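**Q** What follows is a structure written as structure tokens; I'll ask about it next.
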Amino acid sequence: MRDVLPEIMRWWRSGLKFGLATVVSTFSSAPRPPGAAMAVRGDEVVGSVSGGCVEGAVFELATDIDAPVLQRYGVSDDDAFAVGLTCGGIIDILVEPVSLETFPQLGEVAASIGAHEPVAVATVVSGPGRVGARRVIWPGRASGSLGPRRLDEAVDDDARGMLAQGATGVRRYGAEGERRLDDLAVFVHSFAPPPRMLVFGAIDFAAAVARVGKFLGYHVTVCDARPVFATAKRFPDADEVVVKWPHDYLASVQVDERTVICVLTHDPKFDVPLLEVALRTGAGYIGAMGSRRTHEDRLERLREAGLTGEELARLRSPIGLDLGARTPEETAVSIAAELIQLRWGGTGRPLSTTEGRIHHENA
């Protein structure tokens, strides 16, 4: 919904009703992940739920939708031209009418998303509950109800845990919120703050990495101790540019499993103290630029600093996938490719040489 939010907020604030289709769950080789959304009002369409496979059918269903419905779409073995996913996947899509009356909290949700504040929208999608019942959960409060109080409490707990991980998906409960039953399905759509990308080293490679990081949805920070190089003018795509010794800056900020750290200085006086700090954080990705000789020298210095073999094994150096990259832009693409591979569990090989599913489960 994040991608279609500007347009649907215009409709919502104007008091107009529209249809909102949201991918709730996927199976096999589905092209769009849970949370992908498409909004329909009259002949206006924004967003996508399948990359084109079932958009026409969803458009027809979302037009003049009066009550929430969960619709499954999948490949048809009997008719190749039937409504379905030619990629062989299956997707469940919740289609619902949205207006000021049906979703009064949408304004607050949009405000939280715009302010990068965590918020989750939980919706009953199937089972003995009321399909379409909605509850909005923030870290310290909630609005709306899914039904019984115990169900609200159970979903609140799960939604806040999912927000901390940036996870979106279906959770199952009993009709009264029982954990041991699974006949009532609730879709929890998490809108967590963007994951962070910390780029150290104010060089031309850093500008390219900042650009691709922003494109991938990261909140990008570029940090360097040299004020003449670390300027907003040199890094227009970064959300912030910090002039500070890298290891001091890293020690002062919050780092979690969604954080990406790219060390591009390849200068021992900067990157060794920095990596001492980085490899002892919970960052999900820590990569460092440099030749193989630089890498071996760096490892030796880090061992002398007391880092363990387990800690050193977290370092991805030389950074990026082997694409034969040479220019800053090509190198940034190789780093982005490695991030995507690690996120989704890909092999990094050409798809033409692999078999089986194209879309991997989240690693």
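By order of appearance in the structure tokens: chains A, B, ..., then residues from 1 within every chain, and ligands from 1 in the order shown.
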May I have the residues within 10 Å of Gly201 (chain A) as a PyMOL selection string, using only C-alpha atoms and disregarding those fewer than 6 positions away in the same chain?
**A** chain A and resi 207+222-226+229-230+246+262-267+270-271
**Q** Just the residues within 6 Å of region 89-100 of chain A, please, counting only C-alpha atoms, with nothing from its chain fewer than 6 positions along; format it as a list of chain:residue names.
**A** A:Trp12, A:Lys17, A:Phe18, A:Gly19, A:Leu20, A:Ala21, A:Thr22, A:Val23, A:Val24, A:Ser25, A:Thr26, A:Phe27, A:Ser28, A:Ser29, A:Ala30, A:Ile65, A:Asp66, A:Pro68, A:Val69, A:Leu70, A:Gln71, A:Arg72, A:Tyr73, A:Gly74
**Q** In Å, how far is it from CA of Trp245 (chain A) to CA of Gly320 (chain A)?
**A**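 Between CA of Trp245 (chain A) and CA of Gly320 (chain A) the gap works out to 24.2 Å.
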**Q** Taking the DSSP secondary structure from the backbone, can you list the residues of region 91-196 of chain A that are strand (DSSP E), as JSON, numbers by chain?
**A** {"A": [91, 92, 93, 94, 95, 96, 97, 98, 119, 120, 121, 122, 123, 124, 125, 126, 134, 135, 136, 137, 142, 143, 144, 169, 170, 171, 172, 173, 184, 185, 186, 187, 188, 189, 190, 191, 196]}
**Q** Write a file of the just-selected residues containing C-alpha atoms, as an mmCIF file, in the first residue's frame.
**A**
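Written file, out-v2.cif:
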data_model
loop_
_atom_site.group_PDB
_atom_site.id
_atom_site.type_symbol
_atom_site.label_atom_id
_atom_site.label_comp_id
_atom_site.auth_asym_id
_atom_site.auth_seq_id
_atom_site.Cartn_x
_atom_site.Cartn_y
_atom_site.Cartn_z
ATOM 1 C CA ILE A 91 -1.735 -15.570 -4.811
ATOM 2 C CA ASP A 92 -4.481 -14.728 -2.355
ATOM 3 C CA ILE A 93 -5.752 -11.171 -2.740
ATOM 4 C CA LEU A 94 -8.019 -9.304 -0.364
ATOM 5 C CA VAL A 95 -10.265 -6.882 -2.227
ATOM 6 C CA GLU A 96 -12.168 -4.401 -0.082
ATOM 7 C CA PRO A 97 -14.036 -1.110 -0.330
ATOM 8 C CA VAL A 98 -12.216 1.782 1.311
ATOM 9 C CA VAL A 119 2.588 1.042 12.223
ATOM 10 C CA ALA A 120 0.818 -2.199 11.317
ATOM 11 C CA VAL A 121 -2.629 -2.761 9.815
ATOM 12 C CA ALA A 122 -4.226 -6.073 10.827
ATOM 13 C CA THR A 123 -7.242 -7.319 8.843
ATOM 14 C CA VAL A 124 -9.344 -10.467 9.210
ATOM 15 C CA VAL A 125 -9.203 -12.196 5.816
ATOM 16 C CA SER A 126 -10.903 -15.555 6.437
ATOM 17 C CA ARG A 134 -9.472 -4.037 10.886
ATOM 18 C CA ARG A 135 -7.188 -2.964 13.729
ATOM 19 C CA VAL A 136 -4.274 -0.535 13.475
ATOM 20 C CA ILE A 137 -1.350 -1.171 15.818
ATOM 21 C CA ALA A 142 -3.979 0.474 18.877
ATOM 22 C CA SER A 143 -7.216 1.546 17.189
ATOM 23 C CA GLY A 144 -10.177 -0.489 15.962
ATOM 24 C CA GLY A 169 2.173 -11.845 6.452
ATOM 25 C CA VAL A 170 -0.754 -13.936 7.677
ATOM 26 C CA ARG A 171 -1.118 -15.086 11.286
ATOM 27 C CA ARG A 172 -3.718 -17.646 12.375
ATOM 28 C CA TYR A 173 -5.743 -17.893 15.577
ATOM 29 C CA LEU A 184 -9.182 -17.498 11.662
ATOM 30 C CA ALA A 185 -6.631 -15.789 9.404
ATOM 31 C CA VAL A 186 -5.414 -12.237 10.038
ATOM 32 C CA PHE A 187 -3.246 -10.382 7.547
ATOM 33 C CA VAL A 188 -0.714 -8.134 9.271
ATOM 34 C CA HIS A 189 0.686 -5.464 6.956
ATOM 35 C CA SER A 190 3.738 -3.929 8.593
ATOM 36 C CA PHE A 191 4.942 -0.459 7.711
ATOM 37 C CA ARG A 196 19.255 1.694 7.052
#
**Q** Could you name the residues that touch Gly348 (chain A) at 12 Å or less, counting only C-alpha atoms, but leaving out those on the same chain fewer than 2 positions away, as a PyMOL selection string?
**A** chain A and resi 320-323+334-346+350-354+358+360
**Q** Limited to N, CA, C and O atoms, could you put the picked residues into a file as a short mmCIF file (atom, residue, chain, number, x, y, z; two decimals), in the first residue's frame?
**A**
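part.cif, freshly written:
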data_model
loop_
_atom_site.label_atom_id
_atom_site.label_comp_id
_atom_site.auth_asym_id
_atom_site.auth_seq_id
_atom_site.Cartn_x
_atom_site.Cartn_y
_atom_site.Cartn_z
N GLY A 320 30.34 -7.30 -2.62
CA GLY A 320 29.56 -7.47 -3.85
C GLY A 320 29.70 -8.83 -4.50
O GLY A 320 30.52 -9.66 -4.09
N LEU A 321 28.87 -9.08 -5.52
CA LEU A 321 28.94 -10.31 -6.30
C LEU A 321 29.96 -10.15 -7.43
O LEU A 321 30.25 -9.04 -7.87
N ASP A 322 30.44 -11.27 -7.91
CA ASP A 322 31.42 -11.28 -9.00
C ASP A 322 30.70 -11.06 -10.33
O ASP A 322 30.27 -11.99 -11.00
N LEU A 323 30.56 -9.80 -10.70
CA LEU A 323 29.94 -9.42 -11.98
C LEU A 323 30.97 -8.88 -12.95
O LEU A 323 30.61 -8.50 -14.07
N SER A 334 26.77 -4.47 -8.29
CA SER A 334 27.22 -5.76 -7.74
C SER A 334 26.93 -5.84 -6.25
O SER A 334 26.60 -6.92 -5.73
N ILE A 335 27.03 -4.72 -5.53
CA ILE A 335 26.70 -4.70 -4.10
C ILE A 335 25.19 -4.89 -3.92
O ILE A 335 24.74 -5.67 -3.08
N ALA A 336 24.41 -4.18 -4.73
CA ALA A 336 22.96 -4.33 -4.66
C ALA A 336 22.55 -5.76 -4.97
O ALA A 336 21.64 -6.32 -4.33
N ALA A 337 23.21 -6.38 -5.94
CA ALA A 337 22.89 -7.76 -6.29
C ALA A 337 23.14 -8.70 -5.11
O ALA A 337 22.35 -9.62 -4.86
N GLU A 338 24.23 -8.46 -4.38
CA GLU A 338 24.51 -9.30 -3.22
C GLU A 338 23.47 -9.10 -2.12
O GLU A 338 23.04 -10.06 -1.47
N LEU A 339 23.05 -7.88 -1.91
CA LEU A 339 22.01 -7.61 -0.91
C LEU A 339 20.71 -8.32 -1.26
O LEU A 339 20.06 -8.91 -0.40
N ILE A 340 20.33 -8.26 -2.53
CA ILE A 340 19.09 -8.92 -2.96
C ILE A 340 19.22 -10.43 -2.84
O ILE A 340 18.30 -11.12 -2.40
N GLN A 341 20.37 -10.96 -3.23
CA GLN A 341 20.60 -12.40 -3.12
C GLN A 341 20.47 -12.87 -1.68
O GLN A 341 19.82 -13.89 -1.40
N LEU A 342 21.08 -12.14 -0.75
CA LEU A 342 21.03 -12.55 0.65
C LEU A 342 19.63 -12.41 1.22
O LEU A 342 19.20 -13.20 2.06
N ARG A 343 18.89 -11.40 0.75
CA ARG A 343 17.55 -11.20 1.28
C ARG A 343 16.61 -12.31 0.87
O ARG A 343 15.81 -12.80 1.67
N TRP A 344 16.69 -12.76 -0.37
CA TRP A 344 15.72 -13.71 -0.90
C TRP A 344 16.27 -15.12 -1.11
O TRP A 344 15.52 -16.01 -1.50
N GLY A 345 17.57 -15.33 -0.86
CA GLY A 345 18.10 -16.67 -0.97
C GLY A 345 18.41 -17.12 -2.37
O GLY A 345 18.38 -18.33 -2.66
N GLY A 346 18.69 -16.21 -3.28
CA GLY A 346 19.03 -16.58 -4.65
C GLY A 346 20.41 -17.21 -4.75
O GLY A 346 21.23 -17.14 -3.82
N PRO A 350 23.11 -17.19 -13.38
CA PRO A 350 22.14 -16.81 -14.42
C PRO A 350 20.91 -17.70 -14.34
O PRO A 350 21.01 -18.93 -14.18
N LEU A 351 19.73 -17.11 -14.42
CA LEU A 351 18.50 -17.89 -14.36
C LEU A 351 18.43 -18.94 -15.47
O LEU A 351 17.82 -19.99 -15.30
N SER A 352 19.07 -18.63 -16.60
CA SER A 352 19.03 -19.58 -17.72
C SER A 352 19.77 -20.87 -17.41
O SER A 352 19.59 -21.87 -18.11
N THR A 353 20.60 -20.88 -16.36
CA THR A 353 21.34 -22.09 -15.99
C THR A 353 20.74 -22.80 -14.78
O THR A 353 21.29 -23.79 -14.31
N THR A 354 19.63 -22.28 -14.24
CA THR A 354 19.02 -22.89 -13.07
C THR A 354 17.70 -23.54 -13.45
O THR A 354 17.15 -23.31 -14.53
N ILE A 358 11.72 -19.62 -9.66
CA ILE A 358 12.48 -18.38 -9.87
C ILE A 358 12.48 -17.55 -8.60
O ILE A 358 13.51 -17.01 -8.20
N HIS A 360 12.45 -17.19 -4.76
CA HIS A 360 12.80 -17.95 -3.57
C HIS A 360 12.02 -17.44 -2.38
O HIS A 360 11.55 -16.31 -2.35
#
**Q** Give me the residues near region 233-238 of chain A as a PyMOL selection string, where near means some atom within 6 Å (using only C-alpha atoms) and where sequence neighbours in that chain fewer than 3 positions away do not count.
**A** chain A and resi 207+210-211+220-221
**Q** Export, as a JSON list (two decimals), in the first residue's frame, the selected residues with all heavy atoms.
**A**
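Writing done, so here's selection-v3.json:
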[["chain", "number", "residue", "atom", "x", "y", "z"],
["A", 207, "ALA", "N", 29.03, 7.45, -3.73],
["A", 207, "ALA", "CA", 27.92, 8.17, -4.36],
["A", 207, "ALA", "C", 27.05, 7.21, -5.16],
["A", 207, "ALA", "O", 25.81, 7.29, -5.12],
["A", 207, "ALA", "CB", 28.46, 9.28, -5.27],
["A", 210, "ALA", "N", 25.15, 4.94, -2.67],
["A", 210, "ALA", "CA", 24.06, 5.69, -2.06],
["A", 210, "ALA", "C", 22.87, 5.79, -3.02],
["A", 210, "ALA", "O", 21.71, 5.67, -2.61],
["A", 210, "ALA", "CB", 24.53, 7.09, -1.67],
["A", 211, "ARG", "N", 23.18, 5.99, -4.30],
["A", 211, "ARG", "CA", 22.10, 6.11, -5.30],
["A", 211, "ARG", "C", 21.32, 4.82, -5.42],
["A", 211, "ARG", "O", 20.08, 4.82, -5.40],
["A", 211, "ARG", "CB", 22.72, 6.50, -6.65],
["A", 211, "ARG", "CG", 21.69, 6.91, -7.70],
["A", 211, "ARG", "CD", 22.40, 7.36, -8.98],
["A", 211, "ARG", "NE", 23.45, 8.32, -8.68],
["A", 211, "ARG", "CZ", 24.72, 8.17, -9.03],
["A", 211, "ARG", "NH1", 25.12, 7.10, -9.69],
["A", 211, "ARG", "NH2", 25.61, 9.09, -8.71],
["A", 220, "VAL", "N", 19.58, 6.14, 3.57],
["A", 220, "VAL", "CA", 21.03, 6.09, 3.31],
["A", 220, "VAL", "C", 21.75, 7.20, 4.05],
["A", 220, "VAL", "O", 21.40, 8.38, 3.95],
["A", 220, "VAL", "CB", 21.32, 6.20, 1.80],
["A", 220, "VAL", "CG1", 22.83, 6.15, 1.54],
["A", 220, "VAL", "CG2", 20.61, 5.07, 1.04],
["A", 221, "THR", "N", 22.80, 6.80, 4.79],
["A", 221, "THR", "CA", 23.69, 7.75, 5.45],
["A", 221, "THR", "C", 25.10, 7.55, 4.90],
["A", 221, "THR", "O", 25.58, 6.42, 4.82],
["A", 221, "THR", "CB", 23.72, 7.53, 6.97],
["A", 221, "THR", "OG1", 22.41, 7.73, 7.49],
["A", 221, "THR", "CG2", 24.68, 8.50, 7.64]]
